[in-house]
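**Student:** upload32.cif is reproduced below (mmCIF, C-alpha atoms).
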data_protein
#
loop_
_atom_site.group_PDB
_atom_site.id
_atom_site.type_symbol
_atom_site.label_atom_id
_atom_site.label_comp_id
_atom_site.auth_asym_id
_atom_site.auth_seq_id
_atom_site.Cartn_x
_atom_site.Cartn_y
_atom_site.Cartn_z
ATOM 1 C CA MET A 1 -3.060 -10.092 -19.245
ATOM 2 C CA THR A 2 -6.226 -10.134 -21.333
ATOM 3 C CA ALA A 3 -9.215 -9.185 -19.248
ATOM 4 C CA LEU A 4 -12.390 -11.173 -19.679
ATOM 5 C CA PRO A 5 -15.727 -9.349 -19.544
ATOM 6 C CA ASP A 6 -16.736 -11.341 -16.449
ATOM 7 C CA ASP A 7 -13.375 -10.968 -14.696
ATOM 8 C CA PRO A 8 -14.328 -10.781 -10.986
ATOM 9 C CA VAL A 9 -11.195 -8.872 -9.951
ATOM 10 C CA LEU A 10 -11.606 -6.113 -12.524
ATOM 11 C CA ARG A 11 -15.369 -6.013 -11.920
ATOM 12 C CA ALA A 12 -14.752 -5.497 -8.174
ATOM 13 C CA LEU A 13 -12.177 -2.739 -8.682
ATOM 14 C CA ARG A 14 -13.669 -0.769 -11.583
ATOM 15 C CA PRO A 15 -16.369 1.111 -9.576
ATOM 16 C CA TRP A 16 -13.764 2.442 -7.136
ATOM 17 C CA LEU A 17 -11.533 4.077 -9.727
ATOM 18 C CA GLY A 18 -12.150 7.706 -10.523
ATOM 19 C CA ARG A 19 -15.223 7.936 -8.306
ATOM 20 C CA SER A 20 -13.745 10.476 -5.929
ATOM 21 C CA GLY A 21 -12.700 12.804 -8.730
ATOM 22 C CA ARG A 22 -9.329 12.953 -6.988
ATOM 23 C CA VAL A 23 -6.171 10.913 -6.949
ATOM 24 C CA VAL A 24 -6.521 7.261 -5.893
ATOM 25 C CA LEU A 25 -3.725 5.798 -3.771
ATOM 26 C CA LEU A 26 -3.158 2.040 -3.703
ATOM 27 C CA ALA A 27 -1.601 0.538 -0.574
ATOM 28 C CA VAL A 28 0.627 -2.242 -1.938
ATOM 29 C CA SER A 29 2.713 -4.441 0.341
ATOM 30 C CA GLY A 30 3.961 -6.787 -2.359
ATOM 31 C CA GLY A 31 1.811 -9.723 -1.277
ATOM 32 C CA PRO A 32 -0.536 -11.358 -3.780
ATOM 33 C CA ASP A 33 -3.656 -9.452 -2.694
ATOM 34 C CA SER A 34 -2.226 -5.967 -2.980
ATOM 35 C CA SER A 35 -0.166 -6.928 -6.048
ATOM 36 C CA ALA A 36 -3.411 -8.017 -7.715
ATOM 37 C CA LEU A 37 -4.864 -4.616 -6.769
ATOM 38 C CA MET A 38 -1.964 -2.821 -8.462
ATOM 39 C CA HIS A 39 -1.989 -5.002 -11.581
ATOM 40 C CA ALA A 40 -5.781 -4.796 -11.894
ATOM 41 C CA ALA A 41 -5.669 -0.991 -11.692
ATOM 42 C CA ALA A 42 -3.009 -0.969 -14.408
ATOM 43 C CA ALA A 43 -5.051 -3.402 -16.541
ATOM 44 C CA LEU A 44 -7.996 -1.005 -16.277
ATOM 45 C CA GLY A 45 -5.778 1.888 -17.372
ATOM 46 C CA ALA A 46 -6.414 3.703 -14.117
ATOM 47 C CA SER A 47 -4.390 6.737 -13.179
ATOM 48 C CA VAL A 48 -3.423 5.794 -9.633
ATOM 49 C CA ARG A 49 -0.481 6.184 -7.280
ATOM 50 C CA VAL A 50 1.083 3.382 -5.269
ATOM 51 C CA ALA A 51 2.540 3.474 -1.766
ATOM 52 C CA THR A 52 4.341 0.799 0.210
ATOM 53 C CA VAL A 53 4.871 1.028 3.949
ATOM 54 C CA ASP A 54 8.188 -0.336 5.177
ATOM 55 C CA HIS A 55 7.661 -1.064 8.853
ATOM 56 C CA GLY A 56 11.359 -1.874 9.288
ATOM 57 C CA LEU A 57 10.525 -4.958 11.326
ATOM 58 C CA ARG A 58 12.379 -7.511 9.183
ATOM 59 C CA PRO A 59 15.780 -7.313 7.478
ATOM 60 C CA ASP A 60 14.158 -7.969 4.072
ATOM 61 C CA SER A 61 11.400 -5.369 4.408
ATOM 62 C CA GLY A 62 13.338 -2.576 2.676
ATOM 63 C CA PRO A 63 14.329 -4.608 -0.394
ATOM 64 C CA GLU A 64 10.783 -6.003 -0.622
ATOM 65 C CA ALA A 65 9.335 -2.486 -0.595
ATOM 66 C CA GLU A 66 11.825 -1.453 -3.281
ATOM 67 C CA ASP A 67 10.691 -4.450 -5.373
ATOM 68 C CA VAL A 68 7.129 -3.131 -5.203
ATOM 69 C CA GLY A 69 8.409 0.224 -6.419
ATOM 70 C CA ARG A 70 10.126 -1.388 -9.393
ATOM 71 C CA ALA A 71 6.969 -3.361 -10.243
ATOM 72 C CA ALA A 72 4.820 -0.224 -9.996
ATOM 73 C CA ARG A 73 7.158 1.775 -12.219
ATOM 74 C CA ALA A 74 7.215 -1.094 -14.748
ATOM 75 C CA LEU A 75 3.430 -0.675 -14.937
ATOM 76 C CA GLY A 76 3.816 3.084 -15.386
ATOM 77 C CA LEU A 77 2.580 3.873 -11.870
ATOM 78 C CA ALA A 78 4.189 6.361 -9.497
ATOM 79 C CA HIS A 79 5.386 4.760 -6.253
ATOM 80 C CA ALA A 80 6.268 6.099 -2.825
ATOM 81 C CA LEU A 81 8.053 4.186 -0.103
ATOM 82 C CA LEU A 82 6.765 5.223 3.332
ATOM 83 C CA ALA A 83 9.020 4.249 6.230
ATOM 84 C CA TRP A 84 7.873 3.708 9.809
ATOM 85 C CA THR A 85 10.838 5.092 11.667
ATOM 86 C CA GLY A 86 11.649 5.454 15.330
ATOM 87 C CA PRO A 87 11.389 3.055 18.237
ATOM 88 C CA LYS A 88 8.961 0.151 18.004
ATOM 89 C CA PRO A 89 6.861 -0.954 20.985
ATOM 90 C CA GLY A 90 7.720 -4.109 22.901
ATOM 91 C CA THR A 91 4.066 -5.121 23.164
ATOM 92 C CA ALA A 92 1.056 -4.938 20.837
ATOM 93 C CA LEU A 93 3.432 -4.583 17.888
ATOM 94 C CA GLN A 94 0.856 -5.625 15.259
ATOM 95 C CA ASP A 95 -1.622 -3.015 16.488
ATOM 96 C CA ALA A 96 1.083 -0.341 16.514
ATOM 97 C CA ALA A 97 2.228 -1.351 13.014
ATOM 98 C CA ARG A 98 -1.345 -1.173 11.706
ATOM 99 C CA ALA A 99 -1.840 2.273 13.257
ATOM 100 C CA ALA A 100 1.481 3.469 11.820
ATOM 101 C CA ARG A 101 0.600 2.078 8.382
ATOM 102 C CA TYR A 102 -2.723 3.913 8.238
ATOM 103 C CA ARG A 103 -1.188 7.090 9.655
ATOM 104 C CA LEU A 104 1.556 7.046 6.975
ATOM 105 C CA LEU A 105 -0.925 6.260 4.191
ATOM 106 C CA ALA A 106 -3.277 9.039 5.321
ATOM 107 C CA ALA A 107 -0.449 11.571 5.478
ATOM 108 C CA HIS A 108 0.820 10.589 2.015
ATOM 109 C CA ALA A 109 -2.701 10.625 0.578
ATOM 110 C CA ALA A 110 -3.207 14.132 1.939
ATOM 111 C CA ALA A 111 0.159 15.252 0.541
ATOM 112 C CA ILE A 112 -0.677 14.059 -2.990
ATOM 113 C CA GLY A 113 -4.333 15.104 -2.938
ATOM 114 C CA ALA A 114 -5.740 11.565 -2.835
ATOM 115 C CA GLY A 115 -9.334 11.270 -1.698
ATOM 116 C CA LEU A 116 -9.318 7.488 -1.713
ATOM 117 C CA VAL A 117 -6.856 4.870 -0.413
ATOM 118 C CA LEU A 118 -7.496 1.303 -1.540
ATOM 119 C CA THR A 119 -6.217 -1.894 0.060
ATOM 120 C CA GLY A 120 -6.261 -5.505 -1.142
ATOM 121 C CA HIS A 121 -8.150 -6.967 1.827
ATOM 122 C CA THR A 122 -10.172 -10.084 0.950
ATOM 123 C CA GLN A 123 -12.899 -12.299 2.418
ATOM 124 C CA ASP A 124 -10.135 -14.316 4.076
ATOM 125 C CA ASP A 125 -8.844 -11.200 5.848
ATOM 126 C CA GLN A 126 -12.397 -10.444 6.923
ATOM 127 C CA ALA A 127 -12.834 -13.919 8.410
ATOM 128 C CA GLU A 128 -9.493 -13.631 10.213
ATOM 129 C CA THR A 129 -10.463 -10.228 11.621
ATOM 130 C CA VAL A 130 -13.789 -11.511 12.946
ATOM 131 C CA LEU A 131 -12.154 -14.592 14.504
ATOM 132 C CA MET A 132 -9.434 -12.508 16.169
ATOM 133 C CA ARG A 133 -12.023 -10.093 17.533
ATOM 134 C CA LEU A 134 -14.181 -12.980 18.765
ATOM 135 C CA ALA A 135 -11.193 -14.513 20.553
ATOM 136 C CA ALA A 136 -10.449 -11.123 22.129
ATOM 137 C CA GLY A 137 -14.006 -10.915 23.486
ATOM 138 C CA SER A 138 -15.253 -8.205 21.147
ATOM 139 C CA GLY A 139 -18.850 -7.098 21.249
ATOM 140 C CA PRO A 140 -21.301 -7.032 18.334
ATOM 141 C CA ALA A 141 -19.715 -3.950 16.709
ATOM 142 C CA GLY A 142 -16.300 -5.622 16.517
ATOM 143 C CA LEU A 143 -17.781 -8.850 15.217
ATOM 144 C CA ALA A 144 -19.178 -6.993 12.221
ATOM 145 C CA GLY A 145 -15.669 -7.108 10.769
ATOM 146 C CA MET A 146 -14.051 -4.654 8.394
ATOM 147 C CA ARG A 147 -16.238 -2.227 6.501
ATOM 148 C CA THR A 148 -15.957 -1.973 2.736
ATOM 149 C CA GLU A 149 -15.183 1.688 3.223
ATOM 150 C CA ARG A 150 -14.553 3.986 6.138
ATOM 151 C CA PRO A 151 -13.099 7.419 6.781
ATOM 152 C CA LEU A 152 -9.308 7.315 7.042
ATOM 153 C CA ALA A 153 -8.716 11.016 7.634
ATOM 154 C CA PRO A 154 -10.670 14.199 6.887
ATOM 155 C CA GLY A 155 -11.502 14.108 3.177
ATOM 156 C CA ILE A 156 -9.877 10.688 2.689
ATOM 157 C CA THR A 157 -11.744 7.378 2.462
ATOM 158 C CA LEU A 158 -10.232 3.931 2.955
ATOM 159 C CA GLY A 159 -11.745 1.399 0.543
ATOM 160 C CA ARG A 160 -11.506 -2.368 0.278
ATOM 161 C CA PRO A 161 -12.733 -3.321 -3.208
ATOM 162 C CA PHE A 162 -11.842 -7.014 -2.843
ATOM 163 C CA LEU A 163 -13.585 -7.680 0.476
ATOM 164 C CA ALA A 164 -16.202 -9.841 -1.290
ATOM 165 C CA LEU A 165 -13.528 -11.903 -3.102
ATOM 166 C CA SER A 166 -11.570 -14.844 -1.737
ATOM 167 C CA LYS A 167 -7.805 -14.855 -1.538
ATOM 168 C CA ALA A 168 -7.909 -17.888 -3.877
ATOM 169 C CA THR A 169 -9.653 -15.735 -6.515
ATOM 170 C CA LEU A 170 -6.879 -13.121 -6.324
ATOM 171 C CA MET A 171 -4.163 -15.809 -6.307
ATOM 172 C CA ALA A 172 -5.648 -17.364 -9.440
ATOM 173 C CA TRP A 173 -5.875 -13.928 -11.044
ATOM 174 C CA CYS A 174 -2.208 -13.261 -10.298
#
I need this file expressed as structure tokens, please.
**Tutor:**
Amino acid sequence: MTALPDDPVLRALRPWLGRSGRVVLLAVSGGPDSSALMHAAAALGASVRVATVDHGLRPDSGPEAEDVGRAARALGLAHALLAWTGPKPGTALQDAARAARYRLLAAHAAAIGAGLVLTGHTQDDQAETVLMRLAAGSGPAGLAGMRTERPLAPGITLGRPFLALSKATLMAWC
């Protein structure tokens, strides 16, 4: 892909790369948003690592995670597959999966010396988060939505470089 000077995806990601002075870990599920994150980092020549969490909740989750690994390696990026093992809860599964995902990403980031973990969350994800929190009766703090960055673990920041971009922008970029 030839990057244009006004490319909104690359413009959104560029400030996040190399700013921590440490390794940057990309959380890539294989969906269009996180795939755009991985391809944009490669287009910028960034030295990053990629991790995919396999929650083990669907029969195709393992092969899909392996596909992400192949795509990352084709771009010259190191990839780790992080598996959520053990029993899964019968209720609040999405919340448990989210907690497991961030726990696995934080542990892997710490193991590889990453100071920054980036996700492909978009404006659409932000709107969905606010609506879900509103429906759940959240107060003003919850209605603020996702932050662009927040602490993930001691010495590790979680960043969302695409939070100001629409999913349609990332889909078009892909």
**Student:** Can you list, as a list in words, every protein, DNA or RNA residue that comes within 9 Å of Ser29 (chain A) when you count only C-alpha atoms, leaving out same-chain residues fewer than 4 positions away?
**Tutor:**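 Non-adjacent residues within range: Asp33, Ser34, Ser35, Ala51, Thr52, Val53, Asp54, Glu64, Ala65 and Val68 of chain A.
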**Student:** I'd like the residues picked by the PyMOL selection byres ((chain A and resi 81) around 12) written out as number ranges by chain, using the chain letters and numbers from the file.
**Tutor:** A: 26-30, 49-56, 61-70, 72, 78-80, 82-84, 101, 104-105, 108
**Student:** Quick one: apply the PyMOL selection byres ((chain A and resi 7-18) around 12) to the file and drop the selected residues here as a ChimeraX atom specification.
**Tutor:** /A:1-6,19-26,33-49,114-120,122,148-149,157-174
**Student:** Let me see the file: selected residues, C-alpha atoms, as a PDB file, in the coordinates of the input.
**Tutor:**
ATOM      1  CA  MET A   1      -3.060 -10.092 -19.245  1.00  0.00           C
ATOM      2  CA  THR A   2      -6.226 -10.134 -21.333  1.00  0.00           C
ATOM      3  CA  ALA A   3      -9.215  -9.185 -19.248  1.00  0.00           C
ATOM      4  CA  LEU A   4     -12.390 -11.173 -19.679  1.00  0.00           C
ATOM      5  CA  PRO A   5     -15.727  -9.349 -19.544  1.00  0.00           C
ATOM      6  CA  ASP A   6     -16.736 -11.341 -16.449  1.00  0.00           C
ATOM      7  CA  ARG A  19     -15.223   7.936  -8.306  1.00  0.00           C
ATOM      8  CA  SER A  20     -13.745  10.476  -5.929  1.00  0.00           C
ATOM      9  CA  GLY A  21     -12.700  12.804  -8.730  1.00  0.00           C
ATOM     10  CA  ARG A  22      -9.329  12.953  -6.988  1.00  0.00           C
ATOM     11  CA  VAL A  23      -6.171  10.913  -6.949  1.00  0.00           C
ATOM     12  CA  VAL A  24      -6.521   7.261  -5.893  1.00  0.00           C
ATOM     13  CA  LEU A  25      -3.725   5.798  -3.771  1.00  0.00           C
ATOM     14  CA  LEU A  26      -3.158   2.040  -3.703  1.00  0.00           C
ATOM     15  CA  ASP A  33      -3.656  -9.452  -2.694  1.00  0.00           C
ATOM     16  CA  SER A  34      -2.226  -5.967  -2.980  1.00  0.00           C
ATOM     17  CA  SER A  35      -0.166  -6.928  -6.048  1.00  0.00           C
ATOM     18  CA  ALA A  36      -3.411  -8.017  -7.715  1.00  0.00           C
ATOM     19  CA  LEU A  37      -4.864  -4.616  -6.769  1.00  0.00           C
ATOM     20  CA  MET A  38      -1.964  -2.821  -8.462  1.00  0.00           C
ATOM     21  CA  HIS A  39      -1.989  -5.002 -11.581  1.00  0.00           C
ATOM     22  CA  ALA A  40      -5.781  -4.796 -11.894  1.00  0.00           C
ATOM     23  CA  ALA A  41      -5.669  -0.991 -11.692  1.00  0.00           C
ATOM     24  CA  ALA A  42      -3.009  -0.969 -14.408  1.00  0.00           C
ATOM     25  CA  ALA A  43      -5.051  -3.402 -16.541  1.00  0.00           C
ATOM     26  CA  LEU A  44      -7.996  -1.005 -16.277  1.00  0.00           C
ATOM     27  CA  GLY A  45      -5.778   1.888 -17.372  1.00  0.00           C
ATOM     28  CA  ALA A  46      -6.414   3.703 -14.117  1.00  0.00           C
ATOM     29  CA  SER A  47      -4.390   6.737 -13.179  1.00  0.00           C
ATOM     30  CA  VAL A  48      -3.423   5.794  -9.633  1.00  0.00           C
ATOM     31  CA  ARG A  49      -0.481   6.184  -7.280  1.00  0.00           C
ATOM     32  CA  ALA A 114      -5.740  11.565  -2.835  1.00  0.00           C
ATOM     33  CA  GLY A 115      -9.334  11.270  -1.698  1.00  0.00           C
ATOM     34  CA  LEU A 116      -9.318   7.488  -1.713  1.00  0.00           C
ATOM     35  CA  VAL A 117      -6.856   4.870  -0.413  1.00  0.00           C
ATOM     36  CA  LEU A 118      -7.496   1.303  -1.540  1.00  0.00           C
ATOM     37  CA  THR A 119      -6.217  -1.894   0.060  1.00  0.00           C
ATOM     38  CA  GLY A 120      -6.261  -5.505  -1.142  1.00  0.00           C
ATOM     39  CA  THR A 122     -10.172 -10.084   0.950  1.00  0.00           C
ATOM     40  CA  THR A 148     -15.957  -1.973   2.736  1.00  0.00           C
ATOM     41  CA  GLU A 149     -15.183   1.688   3.223  1.00  0.00           C
ATOM     42  CA  THR A 157     -11.744   7.378   2.462  1.00  0.00           C
ATOM     43  CA  LEU A 158     -10.232   3.931   2.955  1.00  0.00           C
ATOM     44  CA  GLY A 159     -11.745   1.399   0.543  1.00  0.00           C
ATOM     45  CA  ARG A 160     -11.506  -2.368   0.278  1.00  0.00           C
ATOM     46  CA  PRO A 161     -12.733  -3.321  -3.208  1.00  0.00           C
ATOM     47  CA  PHE A 162     -11.842  -7.014  -2.843  1.00  0.00           C
ATOM     48  CA  LEU A 163     -13.585  -7.680   0.476  1.00  0.00           C
ATOM     49  CA  ALA A 164     -16.202  -9.841  -1.290  1.00  0.00           C
ATOM     50  CA  LEU A 165     -13.528 -11.903  -3.102  1.00  0.00           C
ATOM     51  CA  SER A 166     -11.570 -14.844  -1.737  1.00  0.00           C
ATOM     52  CA  LYS A 167      -7.805 -14.855  -1.538  1.00  0.00           C
ATOM     53  CA  ALA A 168      -7.909 -17.888  -3.877  1.00  0.00           C
ATOM     54  CA  THR A 169      -9.653 -15.735  -6.515  1.00  0.00           C
ATOM     55  CA  LEU A 170      -6.879 -13.121  -6.324  1.00  0.00           C
ATOM     56  CA  MET A 171      -4.163 -15.809  -6.307  1.00  0.00           C
ATOM     57  CA  ALA A 172      -5.648 -17.364  -9.440  1.00  0.00           C
ATOM     58  CA  TRP A 173      -5.875 -13.928 -11.044  1.00  0.00           C
ATOM     59  CA  CYS A 174      -2.208 -13.261 -10.298  1.00  0.00           C
TER      60      CYS A 174
END
**Student:** Under the rule that all atoms listed in the file are counted, which of A:Gly86, A:His121, A:Gln94, A:Ala153 is the nearest residue to Pro32 (chain A)?
**Tutor:**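 So, comparing all the options, the nearest one is A:His121.
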**Student:** Record the distance separating CA of Ala100 (chain A) and CA of Arg73 (chain A), expressed in Å with one decimal.
**Tutor:**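 Result for CA of Ala100 (chain A) versus CA of Arg73 (chain A): 24.8 Å, one decimal.
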**Student:** Mind giving me the straight-line distance from CA of Ile156 (chain A) to CA of Ala109 (chain A) in Å, one decimal?
**Tutor:** 7.5 Å
**Student:** Rounded to one decimal in Å, what is the spacing between CA of Asp95 (chain A) and CA of Ile112 (chain A)?
**Tutor:**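 These atoms are spaced 25.9 Å apart.
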**Student:** Find the smallest box with edges along x, y and z containing every listed atom of region 62-74 of chain A, then add 5 Å on each side and report centre and edge lengths in Å to one decimal, as lines of an AutoDock Vina configuration file.
**Tutor:**
center_x = 9.6
center_y = -2.1
center_z = -6.0
size_x = 19.5
size_y = 17.8
size_z = 27.4
